[in-house]
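Q: Here it is: the structure, laid out below.
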Amino acid sequence: MMPFYRTKVESGKESIVMGSETIEAMIRDYTEAIEKGTLCMPTGCSSCHEESDDYKLHECRKRQLRVVIEDIVKVIITFLLRWKCPLCQATFTDYPPFIKPHKRFVLSDMCRFSQSYLESDKVTYRDTVKHKSYDIGYIDPESGLCEQFLSHSTIYRFMAYLADICPSLPGNVFAISHSKYRTATRRFILVRALATIRNIAQKSIFPDFGTLAA
Ligand SMILES: [Zn+2]
């Protein structure tokens with residue numbers, strides 16, 4: 001197994017995961033590191049933003065994730081750790097870079113699907129939810145059958161989320177095709193979503209997404 005480790009980016013506040021070849025492997029390595037107790041502590045407290053070497057493990061929760069692999073939405077079970085900060089006594093969740101609070105889909109897939117829509121004039125939301133002309137489907141874990149398909153409205157909602165986590169307000173730096181929006185508000189959402197995607201791609205956090213930086 002590749003070692004699952006973190007390294008600090010320049011700001012010193014953000015931890016990233018390296019060493020996995022695919023997002024699925026990254027999640028597996030992270031999950032195994034938790035099961036073996038080898039996952040290192042958080043690099044900072046999300047409440048007081050101070051750093052300590054003495055965070056105490058407070059809770060380990062199961063977490064379902066959705067990962068799109070070719071034309072299948074796969075459900076993967078992993079864990080989220082909550083830690084107690086010795087400095088401010090707050091408890092906080094330490095999210096690995098592929099999980100976002102309250103989001104079922106991994107961040108790299110949210111970026112990948114949104115990018116395929118934003119960076120091609122002709123691609124529609126309905127086009128994004130196909131893999132080589134096949135509809136992308138959820139497999140029911142009990143029946144093994146595909147009874148539900150990934151909705152184009154899900155990709156539409158990814159945009160609003162990615163816009164919300166935009167690291168800074170960009171100017172008119174990204175050209176968005178006129179066919180993609182009808183209002184200035186929607187255009188602004190798409191510009192910010194694309195800024196988030198480019199920012200994440202530049203950091204090269206995700207093995208199957210990080211090389212797409214423009
Ligand atoms: Zn703290």
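So you can find residues: chains in the structure tokens are A, B, ... in the order shown, residues in each start at 1, and ligands are numbered from 1 in order.
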Give as a PyMOL selection string the residues surrounding ligand 1 up to a distance of 9 Å, considering only C-alpha atoms and all ligand atoms.
A: chain A and resi 44-52+55+84-92
Q: Write the selection just made, keeping N, CA and C atoms, as a PDB file, in the first residue's frame?
A:
```
ATOM      1  N   GLY A  44      -3.977  21.636  11.771  1.00  0.00           N
ATOM      2  CA  GLY A  44      -4.427  22.857  12.442  1.00  0.00           C
ATOM      3  C   GLY A  44      -5.851  22.681  12.928  1.00  0.00           C
ATOM      4  N   CYS A  45      -6.229  23.492  13.886  1.00  0.00           N
ATOM      5  CA  CYS A  45      -7.597  23.434  14.423  1.00  0.00           C
ATOM      6  C   CYS A  45      -8.472  24.347  13.568  1.00  0.00           C
ATOM      7  N   SER A  46      -9.629  23.830  13.142  1.00  0.00           N
ATOM      8  CA  SER A  46     -10.487  24.653  12.281  1.00  0.00           C
ATOM      9  C   SER A  46     -11.284  25.674  13.088  1.00  0.00           C
ATOM     10  N   SER A  47     -11.179  25.614  14.412  1.00  0.00           N
ATOM     11  CA  SER A  47     -11.886  26.584  15.243  1.00  0.00           C
ATOM     12  C   SER A  47     -10.984  27.772  15.602  1.00  0.00           C
ATOM     13  N   CYS A  48      -9.823  27.497  16.238  1.00  0.00           N
ATOM     14  CA  CYS A  48      -8.950  28.610  16.655  1.00  0.00           C
ATOM     15  C   CYS A  48      -7.836  28.872  15.633  1.00  0.00           C
ATOM     16  N   HIS A  49      -7.677  27.954  14.654  1.00  0.00           N
ATOM     17  CA  HIS A  49      -6.677  28.086  13.586  1.00  0.00           C
ATOM     18  C   HIS A  49      -5.237  28.047  14.094  1.00  0.00           C
ATOM     19  N   GLU A  50      -5.069  27.569  15.330  1.00  0.00           N
ATOM     20  CA  GLU A  50      -3.710  27.394  15.844  1.00  0.00           C
ATOM     21  C   GLU A  50      -3.248  25.970  15.529  1.00  0.00           C
ATOM     22  N   GLU A  51      -1.942  25.742  15.660  1.00  0.00           N
ATOM     23  CA  GLU A  51      -1.404  24.401  15.422  1.00  0.00           C
ATOM     24  C   GLU A  51      -0.970  23.782  16.742  1.00  0.00           C
ATOM     25  N   SER A  52      -1.167  22.490  16.857  1.00  0.00           N
ATOM     26  CA  SER A  52      -0.770  21.783  18.065  1.00  0.00           C
ATOM     27  C   SER A  52      -0.281  20.401  17.673  1.00  0.00           C
ATOM     28  N   TYR A  55      -3.567  17.006  19.429  1.00  0.00           N
ATOM     29  CA  TYR A  55      -5.010  16.845  19.254  1.00  0.00           C
ATOM     30  C   TYR A  55      -5.404  15.449  19.737  1.00  0.00           C
ATOM     31  N   LYS A  84     -10.303  16.798  19.222  1.00  0.00           N
ATOM     32  CA  LYS A  84     -10.465  17.846  20.236  1.00  0.00           C
ATOM     33  C   LYS A  84      -9.175  18.649  20.307  1.00  0.00           C
ATOM     34  N   CYS A  85      -9.337  19.955  20.248  1.00  0.00           N
ATOM     35  CA  CYS A  85      -8.175  20.845  20.251  1.00  0.00           C
ATOM     36  C   CYS A  85      -7.772  21.140  21.702  1.00  0.00           C
ATOM     37  N   PRO A  86      -6.490  20.926  22.066  1.00  0.00           N
ATOM     38  CA  PRO A  86      -6.061  21.186  23.442  1.00  0.00           C
ATOM     39  C   PRO A  86      -5.974  22.682  23.754  1.00  0.00           C
ATOM     40  N   LEU A  87      -5.964  23.503  22.727  1.00  0.00           N
ATOM     41  CA  LEU A  87      -5.775  24.944  22.946  1.00  0.00           C
ATOM     42  C   LEU A  87      -7.102  25.659  23.198  1.00  0.00           C
ATOM     43  N   CYS A  88      -8.125  25.339  22.380  1.00  0.00           N
ATOM     44  CA  CYS A  88      -9.407  26.046  22.552  1.00  0.00           C
ATOM     45  C   CYS A  88     -10.521  25.115  23.018  1.00  0.00           C
ATOM     46  N   GLN A  89     -10.197  23.817  23.154  1.00  0.00           N
ATOM     47  CA  GLN A  89     -11.155  22.794  23.643  1.00  0.00           C
ATOM     48  C   GLN A  89     -12.287  22.504  22.660  1.00  0.00           C
ATOM     49  N   ALA A  90     -12.256  23.094  21.483  1.00  0.00           N
ATOM     50  CA  ALA A  90     -13.311  22.824  20.488  1.00  0.00           C
ATOM     51  C   ALA A  90     -13.086  21.445  19.871  1.00  0.00           C
ATOM     52  N   THR A  91     -14.168  20.825  19.412  1.00  0.00           N
ATOM     53  CA  THR A  91     -14.015  19.618  18.604  1.00  0.00           C
ATOM     54  C   THR A  91     -14.281  20.006  17.154  1.00  0.00           C
ATOM     55  N   PHE A  92     -13.545  19.398  16.277  1.00  0.00           N
ATOM     56  CA  PHE A  92     -13.691  19.751  14.862  1.00  0.00           C
ATOM     57  C   PHE A  92     -13.457  18.522  13.991  1.00  0.00           C
TER      58      PHE A  92
END
```
Q: Need to verify the contact set: Ala163 in chain A, 9 Å, only C-alpha atoms, exclusion of same-chain residues closer than 4 positions in sequence. Can you return it as a ChimeraX atom specification?
A: /A:158-159,167,188-196
Q: So that I have them on file, write out the residues from the current selection with C-alpha atoms, as a short mmCIF file (atom, residue, chain, number, x, y, z; two decimals), in the first residue's frame.
A:
```cif
data_model
loop_
_atom_site.label_atom_id
_atom_site.label_comp_id
_atom_site.auth_asym_id
_atom_site.auth_seq_id
_atom_site.Cartn_x
_atom_site.Cartn_y
_atom_site.Cartn_z
CA PHE A 158 -22.35 21.36 -8.44
CA MET A 159 -21.78 24.78 -10.06
CA PRO A 167 -11.20 31.17 -2.97
CA PHE A 188 -21.15 35.02 -12.16
CA ILE A 189 -21.81 31.63 -10.55
CA LEU A 190 -20.21 29.87 -13.51
CA VAL A 191 -17.17 32.18 -13.48
CA ARG A 192 -16.61 31.53 -9.80
CA ALA A 193 -17.14 27.77 -10.25
CA LEU A 194 -14.49 27.75 -12.97
CA ALA A 195 -12.13 29.76 -10.74
CA THR A 196 -12.52 27.10 -8.03
#
```
Q: For the alpha helix (DSSP H) assignment from backbone DSSP, which residues of chain A qualify? Please present them as a PDB file with N, CA and C atoms, in the first residue's frame.
A:
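After the write, out37.pdb holds the following:
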```pdb
ATOM      1  N   ILE A  23      -8.513   8.472  -7.578  1.00  0.00           N
ATOM      2  CA  ILE A  23      -9.278   8.962  -6.430  1.00  0.00           C
ATOM      3  C   ILE A  23      -9.769   7.785  -5.588  1.00  0.00           C
ATOM      4  N   GLU A  24     -10.111   6.682  -6.262  1.00  0.00           N
ATOM      5  CA  GLU A  24     -10.565   5.495  -5.526  1.00  0.00           C
ATOM      6  C   GLU A  24      -9.447   4.970  -4.627  1.00  0.00           C
ATOM      7  N   ALA A  25      -8.212   4.943  -5.169  1.00  0.00           N
ATOM      8  CA  ALA A  25      -7.060   4.478  -4.372  1.00  0.00           C
ATOM      9  C   ALA A  25      -6.779   5.445  -3.228  1.00  0.00           C
ATOM     10  N   MET A  26      -6.991   6.732  -3.498  1.00  0.00           N
ATOM     11  CA  MET A  26      -6.753   7.742  -2.471  1.00  0.00           C
ATOM     12  C   MET A  26      -7.706   7.530  -1.284  1.00  0.00           C
ATOM     13  N   ILE A  27      -8.967   7.263  -1.606  1.00  0.00           N
ATOM     14  CA  ILE A  27      -9.956   7.024  -0.540  1.00  0.00           C
ATOM     15  C   ILE A  27      -9.614   5.732   0.204  1.00  0.00           C
ATOM     16  N   ARG A  28      -9.226   4.708  -0.564  1.00  0.00           N
ATOM     17  CA  ARG A  28      -8.878   3.426   0.069  1.00  0.00           C
ATOM     18  C   ARG A  28      -7.683   3.599   1.010  1.00  0.00           C
ATOM     19  N   ASP A  29      -6.640   4.322   0.549  1.00  0.00           N
ATOM     20  CA  ASP A  29      -5.449   4.520   1.385  1.00  0.00           C
ATOM     21  C   ASP A  29      -5.787   5.308   2.652  1.00  0.00           C
ATOM     22  N   TYR A  30      -6.621   6.303   2.489  1.00  0.00           N
ATOM     23  CA  TYR A  30      -7.049   7.113   3.633  1.00  0.00           C
ATOM     24  C   TYR A  30      -7.830   6.244   4.626  1.00  0.00           C
ATOM     25  N   THR A  31      -8.773   5.430   4.105  1.00  0.00           N
ATOM     26  CA  THR A  31      -9.599   4.579   4.970  1.00  0.00           C
ATOM     27  C   THR A  31      -8.734   3.557   5.703  1.00  0.00           C
ATOM     28  N   GLU A  32      -7.785   2.946   4.960  1.00  0.00           N
ATOM     29  CA  GLU A  32      -6.903   1.948   5.588  1.00  0.00           C
ATOM     30  C   GLU A  32      -6.020   2.591   6.647  1.00  0.00           C
ATOM     31  N   ALA A  33      -5.579   3.814   6.395  1.00  0.00           N
ATOM     32  CA  ALA A  33      -4.735   4.499   7.380  1.00  0.00           C
ATOM     33  C   ALA A  33      -5.511   4.746   8.678  1.00  0.00           C
ATOM     34  N   ILE A  34      -6.799   5.045   8.550  1.00  0.00           N
ATOM     35  CA  ILE A  34      -7.617   5.236   9.759  1.00  0.00           C
ATOM     36  C   ILE A  34      -7.806   3.897  10.472  1.00  0.00           C
ATOM     37  N   GLU A  35      -8.101   2.859   9.704  1.00  0.00           N
ATOM     38  CA  GLU A  35      -8.318   1.537  10.314  1.00  0.00           C
ATOM     39  C   GLU A  35      -7.073   1.034  11.033  1.00  0.00           C
ATOM     40  N   LYS A  36      -5.894   1.365  10.468  1.00  0.00           N
ATOM     41  CA  LYS A  36      -4.638   0.909  11.087  1.00  0.00           C
ATOM     42  C   LYS A  36      -4.122   1.895  12.125  1.00  0.00           C
ATOM     43  N   LEU A 107     -14.972  15.679  -4.221  1.00  0.00           N
ATOM     44  CA  LEU A 107     -14.729  17.000  -4.802  1.00  0.00           C
ATOM     45  C   LEU A 107     -14.164  16.906  -6.219  1.00  0.00           C
ATOM     46  N   SER A 108     -13.274  15.938  -6.460  1.00  0.00           N
ATOM     47  CA  SER A 108     -12.665  15.866  -7.794  1.00  0.00           C
ATOM     48  C   SER A 108     -13.712  15.548  -8.863  1.00  0.00           C
ATOM     49  N   ASP A 109     -14.733  14.759  -8.523  1.00  0.00           N
ATOM     50  CA  ASP A 109     -15.801  14.492  -9.499  1.00  0.00           C
ATOM     51  C   ASP A 109     -16.663  15.734  -9.715  1.00  0.00           C
ATOM     52  N   MET A 110     -16.930  16.467  -8.645  1.00  0.00           N
ATOM     53  CA  MET A 110     -17.709  17.706  -8.819  1.00  0.00           C
ATOM     54  C   MET A 110     -16.969  18.638  -9.777  1.00  0.00           C
ATOM     55  N   CYS A 111     -15.646  18.700  -9.616  1.00  0.00           N
ATOM     56  CA  CYS A 111     -14.838  19.559 -10.497  1.00  0.00           C
ATOM     57  C   CYS A 111     -14.810  19.011 -11.924  1.00  0.00           C
ATOM     58  N   ARG A 112     -14.616  17.712 -12.041  1.00  0.00           N
ATOM     59  CA  ARG A 112     -14.460  17.084 -13.358  1.00  0.00           C
ATOM     60  C   ARG A 112     -15.722  17.270 -14.203  1.00  0.00           C
ATOM     61  N   PHE A 113     -16.879  16.991 -13.624  1.00  0.00           N
ATOM     62  CA  PHE A 113     -18.128  17.111 -14.376  1.00  0.00           C
ATOM     63  C   PHE A 113     -18.437  18.573 -14.720  1.00  0.00           C
ATOM     64  N   SER A 114     -18.182  19.446 -13.764  1.00  0.00           N
ATOM     65  CA  SER A 114     -18.446  20.863 -14.005  1.00  0.00           C
ATOM     66  C   SER A 114     -17.512  21.409 -15.074  1.00  0.00           C
ATOM     67  N   GLN A 115     -16.264  20.982 -15.007  1.00  0.00           N
ATOM     68  CA  GLN A 115     -15.288  21.452 -15.993  1.00  0.00           C
ATOM     69  C   GLN A 115     -15.673  21.006 -17.410  1.00  0.00           C
ATOM     70  N   SER A 116     -16.163  19.772 -17.530  1.00  0.00           N
ATOM     71  CA  SER A 116     -16.509  19.285 -18.871  1.00  0.00           C
ATOM     72  C   SER A 116     -17.635  20.130 -19.462  1.00  0.00           C
ATOM     73  N   TYR A 117     -18.492  20.659 -18.599  1.00  0.00           N
ATOM     74  CA  TYR A 117     -19.568  21.525 -19.075  1.00  0.00           C
ATOM     75  C   TYR A 117     -19.048  22.927 -19.396  1.00  0.00           C
ATOM     76  N   LEU A 118     -18.240  23.460 -18.506  1.00  0.00           N
ATOM     77  CA  LEU A 118     -17.840  24.869 -18.630  1.00  0.00           C
ATOM     78  C   LEU A 118     -16.835  25.119 -19.745  1.00  0.00           C
ATOM     79  N   TYR A 125     -25.788  20.247 -20.060  1.00  0.00           N
ATOM     80  CA  TYR A 125     -25.818  19.516 -18.786  1.00  0.00           C
ATOM     81  C   TYR A 125     -26.153  18.046 -19.023  1.00  0.00           C
ATOM     82  N   ARG A 126     -27.067  17.795 -19.957  1.00  0.00           N
ATOM     83  CA  ARG A 126     -27.442  16.400 -20.222  1.00  0.00           C
ATOM     84  C   ARG A 126     -26.283  15.602 -20.822  1.00  0.00           C
ATOM     85  N   ASP A 127     -25.413  16.271 -21.585  1.00  0.00           N
ATOM     86  CA  ASP A 127     -24.239  15.565 -22.132  1.00  0.00           C
ATOM     87  C   ASP A 127     -23.278  15.141 -21.020  1.00  0.00           C
ATOM     88  N   THR A 128     -23.204  15.956 -19.961  1.00  0.00           N
ATOM     89  CA  THR A 128     -22.183  15.676 -18.934  1.00  0.00           C
ATOM     90  C   THR A 128     -22.465  14.382 -18.172  1.00  0.00           C
ATOM     91  N   HIS A 152     -28.838  15.395 -14.661  1.00  0.00           N
ATOM     92  CA  HIS A 152     -28.118  16.595 -15.101  1.00  0.00           C
ATOM     93  C   HIS A 152     -28.298  17.741 -14.112  1.00  0.00           C
ATOM     94  N   SER A 153     -29.404  17.696 -13.314  1.00  0.00           N
ATOM     95  CA  SER A 153     -29.621  18.767 -12.327  1.00  0.00           C
ATOM     96  C   SER A 153     -28.573  18.692 -11.210  1.00  0.00           C
ATOM     97  N   THR A 154     -28.021  17.498 -11.005  1.00  0.00           N
ATOM     98  CA  THR A 154     -26.952  17.356 -10.007  1.00  0.00           C
ATOM     99  C   THR A 154     -25.731  18.175 -10.445  1.00  0.00           C
ATOM    100  N   ILE A 155     -25.402  18.118 -11.722  1.00  0.00           N
ATOM    101  CA  ILE A 155     -24.237  18.866 -12.230  1.00  0.00           C
ATOM    102  C   ILE A 155     -24.533  20.377 -12.145  1.00  0.00           C
ATOM    103  N   TYR A 156     -25.777  20.719 -12.417  1.00  0.00           N
ATOM    104  CA  TYR A 156     -26.196  22.127 -12.296  1.00  0.00           C
ATOM    105  C   TYR A 156     -25.933  22.622 -10.872  1.00  0.00           C
ATOM    106  N   ARG A 157     -26.272  21.781  -9.898  1.00  0.00           N
ATOM    107  CA  ARG A 157     -26.078  22.178  -8.490  1.00  0.00           C
ATOM    108  C   ARG A 157     -24.601  22.181  -8.091  1.00  0.00           C
ATOM    109  N   PHE A 158     -23.795  21.328  -8.719  1.00  0.00           N
ATOM    110  CA  PHE A 158     -22.349  21.357  -8.437  1.00  0.00           C
ATOM    111  C   PHE A 158     -21.797  22.775  -8.659  1.00  0.00           C
ATOM    112  N   MET A 159     -22.301  23.442  -9.707  1.00  0.00           N
ATOM    113  CA  MET A 159     -21.777  24.783 -10.062  1.00  0.00           C
ATOM    114  C   MET A 159     -21.963  25.763  -8.908  1.00  0.00           C
ATOM    115  N   ALA A 160     -23.169  25.735  -8.331  1.00  0.00           N
ATOM    116  CA  ALA A 160     -23.453  26.681  -7.242  1.00  0.00           C
ATOM    117  C   ALA A 160     -22.550  26.394  -6.055  1.00  0.00           C
ATOM    118  N   TYR A 161     -22.332  25.106  -5.795  1.00  0.00           N
ATOM    119  CA  TYR A 161     -21.466  24.759  -4.667  1.00  0.00           C
ATOM    120  C   TYR A 161     -20.025  25.210  -4.933  1.00  0.00           C
ATOM    121  N   LEU A 162     -19.511  24.905  -6.109  1.00  0.00           N
ATOM    122  CA  LEU A 162     -18.122  25.289  -6.440  1.00  0.00           C
ATOM    123  C   LEU A 162     -17.969  26.807  -6.430  1.00  0.00           C
ATOM    124  N   ALA A 163     -19.013  27.519  -6.838  1.00  0.00           N
ATOM    125  CA  ALA A 163     -18.974  28.984  -6.781  1.00  0.00           C
ATOM    126  C   ALA A 163     -18.889  29.455  -5.332  1.00  0.00           C
ATOM    127  N   ASP A 164     -19.634  28.772  -4.461  1.00  0.00           N
ATOM    128  CA  ASP A 164     -19.644  29.158  -3.038  1.00  0.00           C
ATOM    129  C   ASP A 164     -18.275  29.017  -2.388  1.00  0.00           C
ATOM    130  N   ALA A 184     -27.023  37.527 -15.603  1.00  0.00           N
ATOM    131  CA  ALA A 184     -25.695  37.911 -15.112  1.00  0.00           C
ATOM    132  C   ALA A 184     -25.360  37.153 -13.833  1.00  0.00           C
ATOM    133  N   THR A 185     -26.384  36.868 -13.039  1.00  0.00           N
ATOM    134  CA  THR A 185     -26.164  36.137 -11.778  1.00  0.00           C
ATOM    135  C   THR A 185     -25.632  34.734 -12.062  1.00  0.00           C
ATOM    136  N   ARG A 186     -26.295  34.068 -13.022  1.00  0.00           N
ATOM    137  CA  ARG A 186     -25.842  32.716 -13.355  1.00  0.00           C
ATOM    138  C   ARG A 186     -24.435  32.755 -13.957  1.00  0.00           C
ATOM    139  N   ARG A 187     -24.162  33.727 -14.777  1.00  0.00           N
ATOM    140  CA  ARG A 187     -22.824  33.844 -15.357  1.00  0.00           C
ATOM    141  C   ARG A 187     -21.777  33.990 -14.251  1.00  0.00           C
ATOM    142  N   PHE A 188     -22.090  34.803 -13.257  1.00  0.00           N
ATOM    143  CA  PHE A 188     -21.154  35.016 -12.161  1.00  0.00           C
ATOM    144  C   PHE A 188     -20.903  33.721 -11.383  1.00  0.00           C
ATOM    145  N   ILE A 189     -21.960  32.935 -11.214  1.00  0.00           N
ATOM    146  CA  ILE A 189     -21.807  31.628 -10.546  1.00  0.00           C
ATOM    147  C   ILE A 189     -20.853  30.742 -11.355  1.00  0.00           C
ATOM    148  N   LEU A 190     -21.036  30.724 -12.663  1.00  0.00           N
ATOM    149  CA  LEU A 190     -20.206  29.866 -13.511  1.00  0.00           C
ATOM    150  C   LEU A 190     -18.748  30.333 -13.519  1.00  0.00           C
ATOM    151  N   VAL A 191     -18.541  31.645 -13.520  1.00  0.00           N
ATOM    152  CA  VAL A 191     -17.169  32.179 -13.483  1.00  0.00           C
ATOM    153  C   VAL A 191     -16.485  31.763 -12.180  1.00  0.00           C
ATOM    154  N   ARG A 192     -17.211  31.898 -11.089  1.00  0.00           N
ATOM    155  CA  ARG A 192     -16.614  31.528  -9.800  1.00  0.00           C
ATOM    156  C   ARG A 192     -16.388  30.019  -9.702  1.00  0.00           C
ATOM    157  N   ALA A 193     -17.323  29.226 -10.250  1.00  0.00           N
ATOM    158  CA  ALA A 193     -17.139  27.769 -10.246  1.00  0.00           C
ATOM    159  C   ALA A 193     -15.874  27.405 -11.015  1.00  0.00           C
ATOM    160  N   LEU A 194     -15.675  28.046 -12.159  1.00  0.00           N
ATOM    161  CA  LEU A 194     -14.487  27.749 -12.965  1.00  0.00           C
ATOM    162  C   LEU A 194     -13.209  28.195 -12.238  1.00  0.00           C
ATOM    163  N   ALA A 195     -13.293  29.294 -11.518  1.00  0.00           N
ATOM    164  CA  ALA A 195     -12.126  29.757 -10.738  1.00  0.00           C
ATOM    165  C   ALA A 195     -11.756  28.721  -9.675  1.00  0.00           C
ATOM    166  N   THR A 196     -12.767  28.146  -9.035  1.00  0.00           N
ATOM    167  CA  THR A 196     -12.519  27.103  -8.026  1.00  0.00           C
ATOM    168  C   THR A 196     -11.864  25.884  -8.673  1.00  0.00           C
ATOM    169  N   ILE A 197     -12.399  25.477  -9.820  1.00  0.00           N
ATOM    170  CA  ILE A 197     -11.871  24.298 -10.516  1.00  0.00           C
ATOM    171  C   ILE A 197     -10.402  24.515 -10.897  1.00  0.00           C
ATOM    172  N   ARG A 198     -10.100  25.690 -11.459  1.00  0.00           N
ATOM    173  CA  ARG A 198      -8.710  25.980 -11.860  1.00  0.00           C
ATOM    174  C   ARG A 198      -7.789  26.004 -10.640  1.00  0.00           C
ATOM    175  N   ASN A 199      -8.290  26.568  -9.551  1.00  0.00           N
ATOM    176  CA  ASN A 199      -7.499  26.643  -8.325  1.00  0.00           C
ATOM    177  C   ASN A 199      -7.160  25.243  -7.807  1.00  0.00           C
ATOM    178  N   ILE A 200      -8.149  24.368  -7.808  1.00  0.00           N
ATOM    179  CA  ILE A 200      -7.932  22.998  -7.322  1.00  0.00           C
ATOM    180  C   ILE A 200      -7.006  22.242  -8.267  1.00  0.00           C
ATOM    181  N   ALA A 201      -7.189  22.440  -9.566  1.00  0.00           N
ATOM    182  CA  ALA A 201      -6.339  21.761 -10.541  1.00  0.00           C
ATOM    183  C   ALA A 201      -4.877  22.192 -10.382  1.00  0.00           C
ATOM    184  N   GLN A 202      -4.659  23.468 -10.103  1.00  0.00           N
ATOM    185  CA  GLN A 202      -3.284  23.959  -9.950  1.00  0.00           C
ATOM    186  C   GLN A 202      -2.591  23.358  -8.740  1.00  0.00           C
ATOM    187  N   LYS A 203      -3.369  23.045  -7.713  1.00  0.00           N
ATOM    188  CA  LYS A 203      -2.768  22.462  -6.509  1.00  0.00           C
ATOM    189  C   LYS A 203      -2.391  20.989  -6.720  1.00  0.00           C
TER     190      LYS A 203
END
```
Q: Mind checking which residues fall within 10 Å of Glu119 in chain A, counting only C-alpha atoms, ignoring those fewer than 6 positions away in the same chain, and posting them as number ranges by chain?
A: A: 174-177, 194
Q: Which residue is closest to Trp83 in chain A? Choose from A:Cys60, A:Val68, A:Val129, A:Ile99 and count only C-alpha atoms.
A: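 That would be A:Cys60, the residue with the smallest distance to Trp83 in chain A.
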Q: Give the strand (DSSP E) residues of range 77-124 of chain A, as assigned by DSSP on the backbone, as a list in words.
A: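 For range 77-124 of chain A, the strand (DSSP E) set is Ile77, Thr78, Phe79, Leu80, Leu81, Arg82, Trp83, Lys84, Thr91, Phe92, Thr93 and Asp94 of chain A.
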